[in-house]
file work-v8.cif (mmCIF, C-alpha atoms)
data_model
loop_
_atom_site.group_PDB
_atom_site.id
_atom_site.type_symbol
_atom_site.label_atom_id
_atom_site.label_comp_id
_atom_site.auth_asym_id
_atom_site.auth_seq_id
_atom_site.Cartn_x
_atom_site.Cartn_y
_atom_site.Cartn_z
ATOM 1 C CA MET A 232 15.371 26.981 26.502
ATOM 2 C CA THR A 233 16.825 23.929 24.783
ATOM 3 C CA THR A 234 20.448 23.275 24.199
ATOM 4 C CA LEU A 235 21.927 22.742 20.787
ATOM 5 C CA THR A 236 22.332 18.973 21.277
ATOM 6 C CA GLU A 237 18.710 18.593 22.419
ATOM 7 C CA ALA A 238 17.514 20.486 19.358
ATOM 8 C CA ALA A 239 19.699 18.348 17.071
ATOM 9 C CA ALA A 240 18.427 15.131 18.690
ATOM 10 C CA LYS A 241 14.827 16.282 18.316
ATOM 11 C CA ASN A 242 15.379 17.236 14.682
ATOM 12 C CA ALA A 243 17.082 13.907 13.920
ATOM 13 C CA SER A 244 14.243 11.919 15.490
ATOM 14 C CA THR A 245 11.581 13.722 13.450
ATOM 15 C CA ASN A 246 13.477 13.194 10.172
ATOM 16 C CA ALA A 247 14.140 9.502 10.811
ATOM 17 C CA PRO A 248 12.109 7.073 8.703
ATOM 18 C CA LYS A 249 9.172 5.396 10.412
ATOM 19 C CA ASN A 250 10.322 1.915 9.379
ATOM 20 C CA ALA A 251 12.983 0.330 7.220
ATOM 21 C CA ARG A 252 10.604 -0.372 4.322
ATOM 22 C CA SER A 253 9.853 3.298 3.765
ATOM 23 C CA THR A 254 13.423 3.946 2.577
ATOM 24 C CA ALA A 255 13.143 1.382 -0.245
ATOM 25 C CA PRO A 256 11.765 2.700 -3.526
ATOM 26 C CA ARG A 257 8.144 1.708 -4.065
ATOM 27 C CA ARG A 258 7.367 -0.156 -7.260
ATOM 28 C CA PRO A 259 3.707 -1.145 -6.991
ATOM 29 C CA HIS A 260 3.216 -1.637 -10.731
ATOM 30 C CA ALA A 261 6.284 -3.832 -11.060
ATOM 31 C CA ASP A 262 5.217 -5.880 -8.024
ATOM 32 C CA GLY A 263 1.759 -6.338 -9.523
ATOM 33 C CA MET A 264 3.284 -7.438 -12.804
ATOM 34 C CA ALA A 265 5.409 -10.024 -10.996
ATOM 35 C CA VAL A 266 2.371 -11.492 -9.253
ATOM 36 C CA ALA A 267 0.319 -11.420 -12.465
ATOM 37 C CA SER A 268 3.145 -13.181 -14.297
ATOM 38 C CA PHE A 269 3.182 -15.941 -11.707
ATOM 39 C CA VAL A 270 -0.608 -16.371 -11.731
ATOM 40 C CA LEU A 271 -0.864 -16.357 -15.532
ATOM 41 C CA GLY A 272 1.987 -18.832 -15.844
ATOM 42 C CA LEU A 273 0.342 -21.121 -13.322
ATOM 43 C CA LEU A 274 -3.051 -20.913 -15.043
ATOM 44 C CA GLY A 275 -1.397 -21.404 -18.415
ATOM 45 C CA THR A 276 -0.259 -24.889 -17.465
ATOM 46 C CA LEU A 277 -3.940 -25.876 -17.249
ATOM 47 C CA VAL A 278 -5.812 -23.777 -19.827
ATOM 48 C CA LEU A 279 -5.018 -21.468 -22.739
ATOM 49 C CA ASN A 280 -1.264 -22.023 -22.648
ATOM 50 C CA VAL A 281 -0.967 -20.551 -26.143
ATOM 51 C CA VAL A 282 -2.102 -17.158 -24.769
ATOM 52 C CA LEU A 283 -1.169 -17.177 -21.094
ATOM 53 C CA GLY A 284 2.396 -18.484 -21.577
ATOM 54 C CA PRO A 285 3.615 -15.516 -23.619
ATOM 55 C CA CYS A 286 1.736 -13.107 -21.328
ATOM 56 C CA ALA A 287 3.536 -14.577 -18.320
ATOM 57 C CA LEU A 288 6.884 -14.232 -20.086
ATOM 58 C CA ILE A 289 6.256 -10.605 -21.022
ATOM 59 C CA LEU A 290 4.968 -9.545 -17.598
ATOM 60 C CA GLY A 291 7.800 -11.351 -15.793
ATOM 61 C CA GLY A 292 10.398 -9.688 -17.996
ATOM 62 C CA LEU A 293 8.861 -6.253 -17.525
ATOM 63 C CA ALA A 294 8.665 -6.717 -13.752
ATOM 64 C CA LEU A 295 12.343 -7.637 -13.585
ATOM 65 C CA ALA A 296 13.308 -4.755 -15.863
ATOM 66 C CA ARG A 297 11.409 -2.280 -13.673
ATOM 67 C CA GLY A 298 13.070 -3.512 -10.487
ATOM 68 C CA THR A 299 10.342 -5.385 -8.653
ATOM 69 C CA ASN A 300 10.669 -6.242 -4.977
ATOM 70 C CA ARG A 301 9.051 -9.615 -5.753
ATOM 71 C CA ARG A 302 11.876 -10.958 -7.864
ATOM 72 C CA GLY A 303 11.157 -14.588 -6.998
ATOM 73 C CA ARG A 304 7.598 -14.395 -8.271
ATOM 74 C CA ALA A 305 8.735 -12.725 -11.474
ATOM 75 C CA LEU A 306 11.297 -15.485 -12.049
ATOM 76 C CA LEU A 307 8.661 -18.141 -11.334
ATOM 77 C CA GLY A 308 6.365 -16.413 -13.819
ATOM 78 C CA LEU A 309 9.099 -16.517 -16.452
ATOM 79 C CA THR A 310 9.744 -20.191 -15.732
ATOM 80 C CA LEU A 311 6.064 -21.133 -15.828
ATOM 81 C CA GLY A 312 5.580 -19.144 -19.044
ATOM 82 C CA ALA A 313 8.393 -21.120 -20.654
ATOM 83 C CA VAL A 314 6.891 -24.375 -19.337
ATOM 84 C CA ASP A 315 3.556 -23.370 -20.887
ATOM 85 C CA LEU A 316 5.165 -22.981 -24.304
ATOM 86 C CA ILE A 317 7.094 -26.252 -23.955
ATOM 87 C CA LEU A 318 3.857 -27.967 -22.950
ATOM 88 C CA LEU A 319 2.136 -26.461 -25.974
ATOM 89 C CA ALA A 320 4.862 -27.741 -28.287
ATOM 90 C CA THR A 321 4.648 -31.192 -26.701
ATOM 91 C CA LEU A 322 0.868 -31.344 -27.092
ATOM 92 C CA VAL A 323 1.015 -30.232 -30.715
ATOM 93 C CA THR A 324 3.677 -32.776 -31.668
ATOM 94 C CA THR A 325 2.160 -35.761 -29.848
ATOM 95 C CA ASP A 326 -1.595 -35.276 -30.336
ATOM 96 C CA GLY A 327 -1.866 -32.620 -33.008
ATOM 97 C CA THR A 328 -4.001 -30.516 -30.660
ATOM 98 C CA VAL A 329 -3.450 -27.496 -28.425
ATOM 99 C CA SER A 330 -5.584 -28.682 -25.519
ATOM 100 C CA TRP A 331 -5.526 -31.277 -22.786
ATOM 101 C CA HIS A 332 -7.650 -34.385 -23.043
ATOM 102 C CA ILE A 333 -7.890 -37.388 -20.788
ATOM 103 C CA GLY A 334 -8.734 -40.804 -22.121
ATOM 104 C CA GLY A 335 -8.740 -42.264 -25.602
#
call {"tool": "encode", "arguments": {"input": "work-v8.cif", "output": "structure tokens"}}
result
Amino acid sequence: MTTLTEAAAKNASTNAPKNARSTAPRRPHADGMAVASFVLGLLGTLVLNVVLGPCALILGGLALARGTNRRGRALLGLTLGAVDLILLATLVTTDGTVSWHIGG
């Protein structure tokens, strides 16, 4: 026969979370969007900045709006998306082209 305190301790230990991360709400789609925003923004600085820059901005904004746990990557994605568009504007005004070229 168990006492009331032993039963309460046993019940409390079985209802306790396994780790601290399990109590946080899971947002796998928002986390994936944050990572995708970062990757697309990074790739956009090299190729297809006219397409990948706006995609990075949109995905970064959606990830932040949905409460991602990877806030830093979403903010980097937003920053790199903006850099992509600034780079595009610079290339268009200086060379009249939307692509990189090295040499004369």
call {"tool": "resolve_selection", "arguments": {"input": "work-v8.cif", "expression": "the PyMOL selection byres ((chain A and resi 288-301) around 7)", "output": "list in words"}}
result
Arg258, Ala261, Asp262, Met264, Ala265, Ser268, Gly284, Pro285, Cys286, Ala287, Arg302, Gly303, Arg304, Ala305, Leu306, Gly308, Leu309 and Gly312 of chain A
call {"tool": "write_last_selection", "arguments": {"input": "work-v8.cif", "atoms": "C-alpha atoms", "output": "PDB file, in the frame of the given file"}}
result
ATOM      1  CA  ARG A 258       7.367  -0.156  -7.260  1.00  0.00           C
ATOM      2  CA  ALA A 261       6.284  -3.832 -11.060  1.00  0.00           C
ATOM      3  CA  ASP A 262       5.217  -5.880  -8.024  1.00  0.00           C
ATOM      4  CA  MET A 264       3.284  -7.438 -12.804  1.00  0.00           C
ATOM      5  CA  ALA A 265       5.409 -10.024 -10.996  1.00  0.00           C
ATOM      6  CA  SER A 268       3.145 -13.181 -14.297  1.00  0.00           C
ATOM      7  CA  GLY A 284       2.396 -18.484 -21.577  1.00  0.00           C
ATOM      8  CA  PRO A 285       3.615 -15.516 -23.619  1.00  0.00           C
ATOM      9  CA  CYS A 286       1.736 -13.107 -21.328  1.00  0.00           C
ATOM     10  CA  ALA A 287       3.536 -14.577 -18.320  1.00  0.00           C
ATOM     11  CA  ARG A 302      11.876 -10.958  -7.864  1.00  0.00           C
ATOM     12  CA  GLY A 303      11.157 -14.588  -6.998  1.00  0.00           C
ATOM     13  CA  ARG A 304       7.598 -14.395  -8.271  1.00  0.00           C
ATOM     14  CA  ALA A 305       8.735 -12.725 -11.474  1.00  0.00           C
ATOM     15  CA  LEU A 306      11.297 -15.485 -12.049  1.00  0.00           C
ATOM     16  CA  GLY A 308       6.365 -16.413 -13.819  1.00  0.00           C
ATOM     17  CA  LEU A 309       9.099 -16.517 -16.452  1.00  0.00           C
ATOM     18  CA  GLY A 312       5.580 -19.144 -19.044  1.00  0.00           C
TER      19      GLY A 312
END
call {"tool": "atom_distance", "arguments": {"input": "work-v8.cif", "atom1": "atom CA of Val282 of chain A", "atom2": "atom CA of His260 of chain A"}}
result
21.6 Å
call {"tool": "residues_around", "arguments": {"input": "work-v8.cif", "residues": "Leu311 of chain A", "least_positions_apart": "5", "cutoff": "8 Å", "atoms": "only C-alpha atoms", "output": "PyMOL selection string"}}
result
chain A and resi 269+272-273+275-276+284+287
call {"tool": "atom_distance", "arguments": {"input": "work-v8.cif", "atom1": "atom CA of Val278 of chain A", "atom2": "atom CA of Gly263 of chain A"}}
result
21.6 Å
call {"tool": "residues_near_point", "arguments": {"input": "work-v8.cif", "point": "(-2.1, -27.0, -32.3)", "cutoff": "12 Å", "atoms": "all atoms listed in the file", "output": "count of residues only"}}
result
18
